[in-house]
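Here is the file work.txt (compact mmCIF, C-alpha atoms).
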```
# COMPACT_ATOMS: atom_id res chain seq x y z
CA MET A 1 -11.33 5.24 17.58
CA GLN A 2 -7.96 3.80 16.56
CA VAL A 3 -7.38 2.63 20.15
CA LEU A 4 -10.48 0.43 19.99
CA LEU A 5 -10.03 -0.76 16.42
CA ARG A 6 -6.43 -2.03 16.54
CA PRO A 7 -6.84 -4.56 19.38
CA ALA A 8 -10.09 -5.85 17.87
CA LEU A 9 -8.47 -6.28 14.45
CA ASP A 10 -5.46 -8.05 15.98
CA THR A 11 -7.79 -10.45 17.78
CA ILE A 12 -9.77 -11.23 14.62
CA VAL A 13 -6.60 -11.91 12.62
CA LYS A 14 -5.21 -14.13 15.39
CA LYS A 15 -8.42 -16.18 15.64
CA LEU A 16 -8.73 -16.57 11.86
CA THR A 17 -5.10 -17.67 11.58
CA ARG A 18 -5.59 -20.28 14.28
CA LEU A 19 -8.77 -21.52 12.61
CA ILE A 20 -7.10 -21.81 9.19
CA VAL A 21 -3.97 -23.54 10.50
CA LEU A 22 -5.40 -25.79 13.22
CA THR A 23 -8.68 -26.98 11.64
CA PRO A 24 -6.98 -29.25 9.06
CA LEU A 25 -5.04 -30.88 11.92
CA ILE A 26 -8.18 -32.07 13.73
CA PHE A 27 -7.62 -35.70 12.73
CA ARG A 28 -3.87 -35.68 13.38
CA PRO A 29 -2.38 -36.91 16.67
CA SER A 30 -2.69 -34.47 19.56
CA GLU A 31 1.09 -33.98 19.69
CA VAL A 32 1.01 -32.55 16.14
CA ARG A 33 -1.84 -30.16 17.00
CA ILE A 34 -0.14 -29.02 20.21
CA ARG A 35 3.16 -28.46 18.42
CA ALA A 36 1.40 -26.42 15.70
CA GLU A 37 -0.46 -24.31 18.25
CA ARG A 38 2.70 -23.62 20.26
CA ARG A 39 4.47 -22.59 17.04
CA LEU A 40 1.61 -20.20 16.21
CA ARG A 41 1.76 -18.67 19.68
CA GLY A 42 5.53 -18.32 19.36
CA ARG A 43 5.08 -16.57 16.02
CA GLU A 44 2.60 -14.15 17.61
CA GLN A 45 5.05 -13.45 20.44
CA ALA A 46 7.94 -12.90 18.02
CA LYS A 47 5.84 -10.36 16.12
CA LYS A 48 4.92 -8.52 19.33
CA ILE A 49 8.54 -8.51 20.49
CA ALA A 50 9.66 -7.03 17.18
CA GLU A 51 7.09 -4.21 17.54
CA ALA A 52 7.83 -3.52 21.22
CA ASP A 53 10.03 -0.79 22.64
CA CYS A 54 10.45 -2.73 25.87
CA VAL A 55 9.95 -6.41 26.74
CA ILE A 56 9.36 -7.59 30.30
CA VAL A 57 9.91 -11.32 30.82
CA SER A 58 8.73 -12.82 34.09
CA PHE A 59 7.99 -16.04 35.91
CA GLY A 60 4.39 -16.95 36.65
CA LYS A 61 2.97 -15.56 39.91
CA SER A 62 5.75 -12.96 40.15
CA GLY A 63 3.57 -9.84 40.29
CA ARG A 64 3.48 -9.10 36.59
CA THR A 65 -0.16 -7.99 36.63
CA TRP A 66 0.56 -5.53 39.46
CA LEU A 67 3.46 -4.10 37.48
CA ARG A 68 1.19 -3.72 34.43
CA VAL A 69 -1.43 -1.91 36.50
CA MET A 70 1.14 0.41 38.10
CA LEU A 71 2.72 1.27 34.74
CA ALA A 72 -0.66 1.83 33.12
CA ARG A 73 -1.71 4.08 36.02
CA PHE A 74 1.56 6.02 35.73
CA TYR A 75 1.02 6.69 32.02
CA GLN A 76 -2.67 7.38 32.58
CA VAL A 77 -1.88 10.12 35.11
CA ARG A 78 1.17 11.46 33.27
CA TYR A 79 -0.62 11.86 29.92
CA ARG A 80 -4.14 12.44 31.30
CA LEU A 81 -5.72 9.41 29.67
CA ALA A 82 -9.21 8.11 30.42
CA GLU A 83 -9.53 5.65 33.29
CA ARG A 84 -10.91 2.95 31.00
CA HIS A 85 -7.38 2.49 29.65
CA LEU A 86 -6.00 1.30 32.99
CA LEU A 87 -5.41 -2.34 32.01
CA ALA A 88 -4.84 -1.73 28.30
CA ILE A 89 -1.11 -1.07 28.65
CA ASP A 90 -0.46 -3.10 25.48
CA HIS A 91 -2.21 -0.39 23.46
CA LEU A 92 -1.57 2.79 25.45
CA HIS A 93 0.94 3.96 22.84
CA LEU A 94 -2.03 4.38 20.50
CA CYS A 95 -3.50 6.93 22.93
CA HIS A 96 -0.30 8.99 23.16
CA PRO A 97 2.81 8.56 20.98
CA ALA A 98 5.24 9.22 23.87
CA ILE A 99 4.13 6.06 25.68
CA PRO A 100 6.44 3.14 24.83
CA ARG A 101 5.14 -0.15 23.49
CA ILE A 102 5.62 -2.57 26.38
CA PHE A 103 5.25 -6.32 25.87
CA PHE A 104 4.89 -8.64 28.86
CA THR A 105 5.62 -12.34 28.45
CA HIS A 106 6.46 -15.51 30.31
CA ASP A 107 8.47 -16.57 27.22
CA ASN A 108 6.70 -19.93 27.03
CA TYR A 109 6.23 -20.25 23.27
CA LEU A 110 9.03 -18.31 21.58
CA LYS A 111 11.41 -21.28 21.58
CA ASP A 112 8.80 -23.37 19.71
CA TYR A 113 8.80 -20.80 16.90
CA THR A 114 12.51 -20.05 16.68
```
Take the structure from the file and write it as structure tokens.
Amino acid sequence: MQVLLRPALDTIVKKLTRLIVLTPLIFRPSEVRIRAERRLRGREQAKKIAEADCVIVSFGKSGRTWLRVMLARFYQVRYRLAERHLLAIDHLHLCHPAIPRIFFTHDNYLKDYT
């Protein structure tokens, strides 16, 4: 149950935060809104990096999704997890505590936050 609840709660908090921060900026110039959204995304990435045991930074179109699938399959077989968790590598550590928290990023927004 915790595996399903945590990602859903994270998504709700993220969407509410964006709504609260970005809605008042609707009448501001687009550059201001874009800068605010990039800062929010950078803040989200910084939080995920702080929680992660391992961070994988990659260029776009470099095979990152394939690496995610292979790692998820490895942990799925190793710890006998259900097949529905194949692409949920971000939350596999909730299924088994020995699985590290892995965060994948292109590092596009972190510089806007820091």
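Among the candidates A:Tyr109, A:Phe103, A:Trp66, A:Phe74, the residue lying nearest to A:Leu40 is A:Tyr109 (atoms considered: only C-alpha atoms).
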Between atom CA of A:Ala46 and atom CA of A:Asp107, distance in Å (one decimal): 9.9 Å
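Among the candidate residues A:Asp10, A:Arg39, A:Cys54, A:Leu67, the one lying nearest to A:Leu22 is A:Arg39, with distances computed using all atoms listed in the file.
Take the candidates A:Thr65, A:Gly60, A:Ile49, A:Glu83 and check each one against A:Arg101 using only C-alpha atoms; the shortest distance goes to A:Ile49.
Separating atom CA of A:Gly42 from atom CA of A:Lys15 is a distance of 14.6 Å.
Every residue within 9 Å of the file position (-0.3, -3.1, 32.4), judged by only C-alpha atoms, is given as Arg64, Thr65, Trp66, Leu67, Arg68, Val69, Met70, Leu71, Ala72, Arg73, Leu86, Leu87, Ala88, Ile89, Asp90, Ile102 and Phe104 of chain A.
Separating atom CA of A:Tyr75 from atom CA of A:Ile99 is a distance of 7.1 Å.
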Stretch 23-36 of chain A surroundings by all atoms listed in the file, 9 Å radius, close-in-sequence under 5 positions cut, as a PDB file with C-alpha atoms, in the coordinates of the input:
```pdb
ATOM      1  CA  ARG A  18      -5.590 -20.280  14.280  1.00  0.00           C
ATOM      2  CA  ARG A  41       1.760 -18.670  19.680  1.00  0.00           C
ATOM      3  CA  ASP A 112       8.800 -23.370  19.710  1.00  0.00           C
TER       4      ASP A 112
END
```
